[in-house]
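Since the structure comes first, as structure tokens, the remarks are kept for the end.
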Amino acid sequence: MDSKNPESTDTALLLVDLQNDFMPDGALPAAGGDRVPPVANRLMEHFELVVASQDWHPPDHGSFASNHPEGRVGDVIDLDGLDQILWPDHCVQGTEGAEFVPKLNTDGIDRVFQKGTDPAIDSYSAFFDNGHRKPTGLGDFLQANGIDRLFVAGVATDYCVKYSVLDSCRRLDLDTWVVVDGCAGVENESGDVDRAFAEMRDAGARLVDSGIVELMMSDN
Ligand code: VGL
Ligand code: ZN
């Protein structure tokens with residue numbers, strides 16, 4: 001801990017789903033996703049506490065089009081009472097696609113929170129499933145560590161980053177900063193990434209570039 005910077009103890013970095021399947025050659029690609037791990041590696045150097053989420057689905061996950069006889073990727077179905085977009089199979093537990101990208105400095109991560117493990121509900125946010133039925137443990141962990149300011153980077157901007165940031169603002173009440181050049185999106189519909197950034201800003205998150213974060217955190 002740096003005693004000259006008391007703020008350093010209340011700030012953490014969250015890296016969302018930096019996994020092979022979300023990279024440009026993966027099963028559910030985020031365009032430009034391969035630009036994110038180097039940014040994450042640089043940022044990590046400046047944080048005492050780094051947490052990561054990992055999308056971690058069983059093979060029979062209800063969000064996979066392959067598990068619905070009539071379902072096609074992109075269709076919206078009802079899954080246990082919630083609207084669910086059908087995705088290609090991705091981040092299946094134990095597969096290479098579910099691993100963190102090799103270029104990510106995983107030694108810098110203090111704790112990983114897995115999500116999407118229940119076949120009956122998806123979990124975009126790193127904090128809760130899509131119905132806010134169950135927490136992942138990330139919120140309690142941050143609270144136990146006295147964190148009240150969270151920087152967020154990762155993929156996908158328009159899904160898991162967005163829902164993590166919205167929960168961070170609205171449910172956890174954290175001072176939330178989104179690292180814009182540390183994010184990449186899926187963009188099922190053109191404009192989704194821009195709309196996601198706007199929604200995050202409207203929820204109270206601040207948008208910032210990684211270079212500024214490094215300056216803000218440069219005592220660490
Ligand atoms: C994600 C869709 C499905 C994400 C995960 O990490 O943004 N998107 N599962
Ligand atoms: Zn998923």
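Ordering of the structure tokens sets the chain letters (A, B, ...), residue numbers begin anew at 1 in every chain, and ligands are numbered from 1 in the order given.
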Please extract the residues of range 20-204 of chain A with a backbone DSSP assignment of alpha helix (DSSP H) and present them as a ChimeraX atom specification. /A:36-44,138-144,162-170,192-202
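Neighbours of range 102-113 of chain A closer than or equal to 9 Å, with only C-alpha atoms counted and sequence neighbours fewer than 4 positions away skipped, come out as Leu15, Leu18, Gln19, Asn20, Pro37, Pro38, Ala40, Asn41, Met44, Glu45, Glu48, Leu49, Val50, Val51, Ala52, Ser53, Gln54, Asp55, Ala126, Phe127, Thr136, Gly137 and Leu138 of chain A.
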Those selected residues, please, written with N, CA, C and O atoms and delivered as a compact mmCIF listing (two decimals), in the first residue's frame.
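To be explicit, this is the file written out as part.txt:
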# COMPACT_ATOMS: atom_id res chain seq x y z
N LEU A 15 -11.67 -6.75 -14.96
CA LEU A 15 -11.45 -7.17 -16.34
C LEU A 15 -12.54 -8.18 -16.70
O LEU A 15 -12.65 -9.25 -16.10
N LEU A 18 -12.07 -11.65 -20.62
CA LEU A 18 -10.98 -11.62 -21.62
C LEU A 18 -10.57 -13.05 -21.96
O LEU A 18 -9.50 -13.54 -21.60
N GLN A 19 -11.45 -13.70 -22.72
CA GLN A 19 -11.36 -15.12 -23.03
C GLN A 19 -11.26 -15.33 -24.54
O GLN A 19 -11.75 -14.52 -25.34
N ASN A 20 -10.65 -16.46 -24.93
CA ASN A 20 -10.38 -16.73 -26.35
C ASN A 20 -11.62 -16.63 -27.23
O ASN A 20 -11.55 -16.12 -28.35
N PRO A 37 -6.29 -7.02 -24.43
CA PRO A 37 -5.36 -7.58 -23.44
C PRO A 37 -4.10 -6.74 -23.18
O PRO A 37 -3.73 -6.58 -21.99
N PRO A 38 -3.47 -6.17 -24.22
CA PRO A 38 -2.30 -5.31 -23.90
C PRO A 38 -2.67 -4.10 -23.05
O PRO A 38 -1.90 -3.70 -22.17
N ALA A 40 -5.16 -4.04 -20.89
CA ALA A 40 -5.42 -4.60 -19.55
C ALA A 40 -4.10 -4.86 -18.82
O ALA A 40 -3.98 -4.55 -17.62
N ASN A 41 -3.12 -5.38 -19.52
CA ASN A 41 -1.83 -5.66 -18.88
C ASN A 41 -1.17 -4.38 -18.36
O ASN A 41 -0.61 -4.37 -17.27
N MET A 44 -3.21 -3.06 -15.25
CA MET A 44 -3.06 -3.90 -14.04
C MET A 44 -1.90 -3.46 -13.16
O MET A 44 -1.97 -3.57 -11.94
N GLU A 45 -0.83 -2.98 -13.80
CA GLU A 45 0.36 -2.55 -13.07
C GLU A 45 0.04 -1.48 -12.03
O GLU A 45 0.79 -1.27 -11.09
N GLU A 48 -3.80 -2.14 -7.00
CA GLU A 48 -3.49 -3.12 -5.95
C GLU A 48 -4.44 -4.28 -5.99
O GLU A 48 -4.12 -5.38 -5.55
N LEU A 49 -5.66 -4.04 -6.45
CA LEU A 49 -6.64 -5.11 -6.51
C LEU A 49 -7.20 -5.24 -7.93
O LEU A 49 -7.75 -4.28 -8.46
N VAL A 50 -7.00 -6.40 -8.51
CA VAL A 50 -7.50 -6.68 -9.87
C VAL A 50 -8.38 -7.92 -9.80
O VAL A 50 -7.96 -8.98 -9.31
N VAL A 51 -9.62 -7.76 -10.28
CA VAL A 51 -10.54 -8.90 -10.33
C VAL A 51 -10.94 -9.13 -11.78
O VAL A 51 -10.84 -8.23 -12.61
N ALA A 52 -11.35 -10.35 -12.07
CA ALA A 52 -11.74 -10.69 -13.44
C ALA A 52 -12.99 -11.54 -13.41
O ALA A 52 -13.20 -12.31 -12.47
N SER A 53 -13.81 -11.38 -14.46
CA SER A 53 -14.92 -12.31 -14.63
C SER A 53 -14.58 -13.27 -15.76
O SER A 53 -13.77 -12.97 -16.63
N GLN A 54 -15.20 -14.44 -15.69
CA GLN A 54 -14.98 -15.48 -16.70
C GLN A 54 -16.33 -16.09 -17.04
O GLN A 54 -17.00 -16.65 -16.17
N ASP A 55 -16.72 -15.95 -18.31
CA ASP A 55 -17.96 -16.58 -18.79
C ASP A 55 -17.70 -18.08 -18.80
O ASP A 55 -16.72 -18.55 -19.39
N ALA A 126 -20.97 -9.21 -14.35
CA ALA A 126 -20.03 -9.92 -13.47
C ALA A 126 -20.54 -9.97 -12.03
O ALA A 126 -19.96 -10.67 -11.19
N PHE A 127 -21.63 -9.23 -11.74
CA PHE A 127 -22.15 -9.16 -10.37
C PHE A 127 -23.33 -10.10 -10.11
O PHE A 127 -23.44 -10.66 -9.03
N THR A 136 -22.78 -13.19 -7.93
CA THR A 136 -21.61 -14.03 -8.23
C THR A 136 -20.61 -14.07 -7.07
O THR A 136 -19.70 -14.89 -7.06
N GLY A 137 -20.76 -13.10 -6.15
CA GLY A 137 -19.79 -12.96 -5.06
C GLY A 137 -18.85 -11.78 -5.26
O GLY A 137 -18.18 -11.34 -4.32
N LEU A 138 -18.83 -11.24 -6.50
CA LEU A 138 -17.93 -10.11 -6.76
C LEU A 138 -18.27 -8.89 -5.90
O LEU A 138 -17.37 -8.25 -5.35
Taking only C-alpha atoms and all ligand atoms into account, which residues have an atom no farther than 10 Å from ligand 1? I'd like them as an mmCIF file with N, CA, C and O atoms, in the first residue's frame.
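Saved file result_30.cif follows:
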data_model
loop_
_atom_site.group_PDB
_atom_site.id
_atom_site.type_symbol
_atom_site.label_atom_id
_atom_site.label_comp_id
_atom_site.auth_asym_id
_atom_site.auth_seq_id
_atom_site.Cartn_x
_atom_site.Cartn_y
_atom_site.Cartn_z
ATOM 1 N N VAL A 16 -13.358 -7.807 -17.677
ATOM 2 C CA VAL A 16 -14.537 -8.616 -18.014
ATOM 3 C C VAL A 16 -14.236 -9.571 -19.175
ATOM 4 O O VAL A 16 -13.898 -9.127 -20.279
ATOM 5 N N ASP A 17 -14.314 -10.852 -18.910
ATOM 6 C CA ASP A 17 -14.400 -11.909 -19.942
ATOM 7 C C ASP A 17 -13.309 -11.851 -21.018
ATOM 8 O O ASP A 17 -13.606 -12.019 -22.214
ATOM 9 N N LEU A 18 -12.069 -11.654 -20.623
ATOM 10 C CA LEU A 18 -10.983 -11.619 -21.621
ATOM 11 C C LEU A 18 -10.568 -13.052 -21.964
ATOM 12 O O LEU A 18 -9.504 -13.539 -21.598
ATOM 13 N N GLN A 19 -11.451 -13.697 -22.722
ATOM 14 C CA GLN A 19 -11.361 -15.120 -23.033
ATOM 15 C C GLN A 19 -11.260 -15.333 -24.541
ATOM 16 O O GLN A 19 -11.746 -14.523 -25.337
ATOM 17 N N ASP A 21 -12.757 -17.116 -26.756
ATOM 18 C CA ASP A 21 -13.940 -17.124 -27.619
ATOM 19 C C ASP A 21 -14.450 -15.729 -27.970
ATOM 20 O O ASP A 21 -15.234 -15.587 -28.921
ATOM 21 N N PHE A 22 -14.037 -14.703 -27.238
ATOM 22 C CA PHE A 22 -14.469 -13.339 -27.563
ATOM 23 C C PHE A 22 -13.443 -12.584 -28.403
ATOM 24 O O PHE A 22 -13.638 -11.416 -28.731
ATOM 25 N N LEU A 28 -17.497 -16.237 -30.556
ATOM 26 C CA LEU A 28 -18.433 -15.114 -30.397
ATOM 27 C C LEU A 28 -17.597 -13.832 -30.378
ATOM 28 O O LEU A 28 -17.392 -13.233 -29.328
ATOM 29 N N PRO A 29 -17.089 -13.470 -31.553
ATOM 30 C CA PRO A 29 -16.038 -12.455 -31.592
ATOM 31 C C PRO A 29 -16.492 -11.025 -31.292
ATOM 32 O O PRO A 29 -17.566 -10.601 -31.703
ATOM 33 N N ALA A 30 -15.647 -10.310 -30.572
ATOM 34 C CA ALA A 30 -15.779 -8.865 -30.406
ATOM 35 C C ALA A 30 -14.738 -8.233 -31.336
ATOM 36 O O ALA A 30 -13.554 -8.555 -31.250
ATOM 37 N N SER A 53 -13.812 -11.383 -14.462
ATOM 38 C CA SER A 53 -14.923 -12.309 -14.631
ATOM 39 C C SER A 53 -14.579 -13.273 -15.758
ATOM 40 O O SER A 53 -13.766 -12.972 -16.633
ATOM 41 N N GLN A 54 -15.199 -14.444 -15.688
ATOM 42 C CA GLN A 54 -14.982 -15.482 -16.697
ATOM 43 C C GLN A 54 -16.332 -16.089 -17.042
ATOM 44 O O GLN A 54 -17.003 -16.651 -16.168
ATOM 45 N N ASP A 55 -16.724 -15.954 -18.312
ATOM 46 C CA ASP A 55 -17.957 -16.575 -18.790
ATOM 47 C C ASP A 55 -17.699 -18.080 -18.796
ATOM 48 O O ASP A 55 -16.722 -18.547 -19.390
ATOM 49 N N TRP A 56 -18.549 -18.871 -18.148
ATOM 50 C CA TRP A 56 -18.181 -20.262 -17.837
ATOM 51 C C TRP A 56 -19.424 -21.140 -17.911
ATOM 52 O O TRP A 56 -20.058 -21.458 -16.900
ATOM 53 N N HIS A 57 -19.765 -21.508 -19.167
ATOM 54 C CA HIS A 57 -21.038 -22.186 -19.408
ATOM 55 C C HIS A 57 -20.891 -23.711 -19.449
ATOM 56 O O HIS A 57 -19.947 -24.225 -20.057
ATOM 57 N N SER A 63 -28.493 -20.531 -23.272
ATOM 58 C CA SER A 63 -28.229 -19.412 -24.183
ATOM 59 C C SER A 63 -27.643 -19.882 -25.508
ATOM 60 O O SER A 63 -27.462 -19.071 -26.424
ATOM 61 N N PHE A 64 -27.362 -21.173 -25.625
ATOM 62 C CA PHE A 64 -26.767 -21.679 -26.868
ATOM 63 C C PHE A 64 -27.880 -22.079 -27.835
ATOM 64 O O PHE A 64 -28.738 -22.904 -27.503
ATOM 65 N N GLN A 84 -34.052 -14.059 -23.825
ATOM 66 C CA GLN A 84 -32.689 -14.563 -23.978
ATOM 67 C C GLN A 84 -32.294 -14.540 -25.450
ATOM 68 O O GLN A 84 -32.975 -15.161 -26.279
ATOM 69 N N ILE A 85 -31.227 -13.845 -25.787
ATOM 70 C CA ILE A 85 -30.657 -13.917 -27.139
ATOM 71 C C ILE A 85 -29.939 -15.250 -27.266
ATOM 72 O O ILE A 85 -29.216 -15.657 -26.346
ATOM 73 N N LEU A 86 -30.123 -15.927 -28.384
ATOM 74 C CA LEU A 86 -29.396 -17.183 -28.605
ATOM 75 C C LEU A 86 -28.040 -16.899 -29.240
ATOM 76 O O LEU A 86 -27.930 -16.144 -30.208
ATOM 77 N N TRP A 87 -27.029 -17.502 -28.651
ATOM 78 C CA TRP A 87 -25.633 -17.299 -29.062
ATOM 79 C C TRP A 87 -25.067 -18.595 -29.630
ATOM 80 O O TRP A 87 -25.576 -19.685 -29.349
ATOM 81 N N PRO A 88 -23.975 -18.462 -30.386
ATOM 82 C CA PRO A 88 -23.224 -19.679 -30.730
ATOM 83 C C PRO A 88 -22.657 -20.283 -29.437
ATOM 84 O O PRO A 88 -22.482 -19.565 -28.442
ATOM 85 N N ASP A 89 -22.371 -21.577 -29.456
ATOM 86 C CA ASP A 89 -21.699 -22.183 -28.300
ATOM 87 C C ASP A 89 -20.411 -21.394 -28.032
ATOM 88 O O ASP A 89 -19.648 -21.121 -28.965
ATOM 89 N N HIS A 90 -20.201 -21.016 -26.784
ATOM 90 C CA HIS A 90 -18.993 -20.245 -26.451
ATOM 91 C C HIS A 90 -18.664 -20.458 -24.979
ATOM 92 O O HIS A 90 -19.544 -20.775 -24.169
ATOM 93 N N CYS A 91 -17.401 -20.274 -24.652
ATOM 94 C CA CYS A 91 -16.932 -20.329 -23.265
ATOM 95 C C CYS A 91 -17.481 -21.540 -22.521
ATOM 96 O O CYS A 91 -17.988 -21.425 -21.396
ATOM 97 N N LYS A 115 -19.237 -16.958 -14.137
ATOM 98 C CA LYS A 115 -20.665 -16.636 -14.287
ATOM 99 C C LYS A 115 -21.234 -17.413 -15.461
ATOM 100 O O LYS A 115 -20.484 -17.888 -16.317
ATOM 101 N N GLY A 116 -22.547 -17.537 -15.484
ATOM 102 C CA GLY A 116 -23.203 -18.258 -16.582
ATOM 103 C C GLY A 116 -23.150 -19.756 -16.390
ATOM 104 O O GLY A 116 -23.295 -20.521 -17.352
ATOM 105 N N ASP A 122 -28.832 -16.834 -18.085
ATOM 106 C CA ASP A 122 -27.557 -16.272 -18.535
ATOM 107 C C ASP A 122 -27.087 -15.236 -17.522
ATOM 108 O O ASP A 122 -27.843 -14.825 -16.628
ATOM 109 N N SER A 123 -25.847 -14.832 -17.647
ATOM 110 C CA SER A 123 -25.280 -13.877 -16.705
ATOM 111 C C SER A 123 -24.312 -12.978 -17.448
ATOM 112 O O SER A 123 -23.166 -13.328 -17.654
ATOM 113 N N TYR A 124 -24.823 -11.850 -17.924
ATOM 114 C CA TYR A 124 -23.939 -10.910 -18.617
ATOM 115 C C TYR A 124 -23.096 -10.141 -17.599
ATOM 116 O O TYR A 124 -21.909 -9.945 -17.783
ATOM 117 N N SER A 125 -23.744 -9.684 -16.538
ATOM 118 C CA SER A 125 -23.034 -8.892 -15.532
ATOM 119 C C SER A 125 -22.088 -9.773 -14.732
ATOM 120 O O SER A 125 -22.391 -10.928 -14.436
ATOM 121 N N ALA A 126 -20.966 -9.213 -14.346
ATOM 122 C CA ALA A 126 -20.027 -9.916 -13.470
ATOM 123 C C ALA A 126 -20.542 -9.971 -12.027
ATOM 124 O O ALA A 126 -19.962 -10.666 -11.193
ATOM 125 N N GLY A 154 -12.739 -4.650 -20.788
ATOM 126 C CA GLY A 154 -12.987 -6.023 -21.214
ATOM 127 C C GLY A 154 -13.929 -6.117 -22.398
ATOM 128 O O GLY A 154 -14.130 -5.157 -23.157
ATOM 129 N N VAL A 155 -14.526 -7.286 -22.528
ATOM 130 C CA VAL A 155 -15.455 -7.567 -23.628
ATOM 131 C C VAL A 155 -16.703 -8.240 -23.057
ATOM 132 O O VAL A 155 -16.626 -8.877 -22.005
ATOM 133 N N ALA A 156 -17.820 -8.158 -23.689
ATOM 134 C CA ALA A 156 -18.092 -7.295 -24.826
ATOM 135 C C ALA A 156 -18.725 -5.998 -24.327
ATOM 136 O O ALA A 156 -19.584 -6.020 -23.460
ATOM 137 N N THR A 157 -18.314 -4.888 -24.928
ATOM 138 C CA THR A 157 -18.823 -3.577 -24.514
ATOM 139 C C THR A 157 -20.337 -3.551 -24.408
ATOM 140 O O THR A 157 -20.897 -2.999 -23.454
ATOM 141 N N ASP A 158 -21.000 -4.165 -25.423
ATOM 142 C CA ASP A 158 -22.447 -4.057 -25.524
ATOM 143 C C ASP A 158 -23.193 -5.156 -24.753
ATOM 144 O O ASP A 158 -24.420 -5.190 -24.768
ATOM 145 N N TYR A 159 -22.489 -6.041 -24.099
ATOM 146 C CA TYR A 159 -23.145 -7.066 -23.264
ATOM 147 C C TYR A 159 -22.528 -7.104 -21.869
ATOM 148 O O TYR A 159 -23.009 -6.445 -20.947
ATOM 149 N N CYS A 160 -21.475 -7.890 -21.700
ATOM 150 C CA CYS A 160 -21.024 -8.123 -20.328
ATOM 151 C C CYS A 160 -20.375 -6.905 -19.682
ATOM 152 O O CYS A 160 -20.537 -6.684 -18.476
ATOM 153 N N VAL A 161 -19.682 -6.089 -20.464
ATOM 154 C CA VAL A 161 -19.141 -4.849 -19.885
ATOM 155 C C VAL A 161 -20.304 -3.944 -19.484
ATOM 156 O O VAL A 161 -20.369 -3.453 -18.349
ATOM 157 N N LYS A 162 -21.239 -3.777 -20.414
ATOM 158 C CA LYS A 162 -22.359 -2.859 -20.137
ATOM 159 C C LYS A 162 -23.138 -3.274 -18.886
ATOM 160 O O LYS A 162 -23.337 -2.451 -17.978
ATOM 161 N N TYR A 163 -23.537 -4.537 -18.816
ATOM 162 C CA TYR A 163 -24.365 -4.952 -17.674
ATOM 163 C C TYR A 163 -23.580 -4.952 -16.364
ATOM 164 O O TYR A 163 -24.140 -4.697 -15.293
ATOM 165 N N SER A 164 -22.274 -5.202 -16.438
ATOM 166 C CA SER A 164 -21.443 -5.110 -15.226
ATOM 167 C C SER A 164 -21.389 -3.669 -14.732
ATOM 168 O O SER A 164 -21.505 -3.401 -13.523
ATOM 169 N N ALA A 184 -14.096 -3.793 -26.191
ATOM 170 C CA ALA A 184 -14.446 -4.100 -27.584
ATOM 171 C C ALA A 184 -15.807 -4.789 -27.569
ATOM 172 O O ALA A 184 -16.130 -5.508 -26.618
ATOM 173 N N GLY A 185 -16.594 -4.545 -28.637
ATOM 174 C CA GLY A 185 -17.984 -5.003 -28.624
ATOM 175 C C GLY A 185 -18.313 -5.997 -29.729
ATOM 176 O O GLY A 185 -17.598 -6.128 -30.710
ATOM 177 N N VAL A 186 -19.450 -6.661 -29.534
ATOM 178 C CA VAL A 186 -19.928 -7.656 -30.494
ATOM 179 C C VAL A 186 -20.681 -6.971 -31.632
ATOM 180 O O VAL A 186 -20.546 -7.343 -32.803
#
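With CA of Asp83 in chain A on one side and CA of Leu150 in chain A on the other, the separation reads 28.5 Å.
Straight-line separation from CA of Asp167 in chain A to CA of Arg35 in chain A: 25.1 Å.
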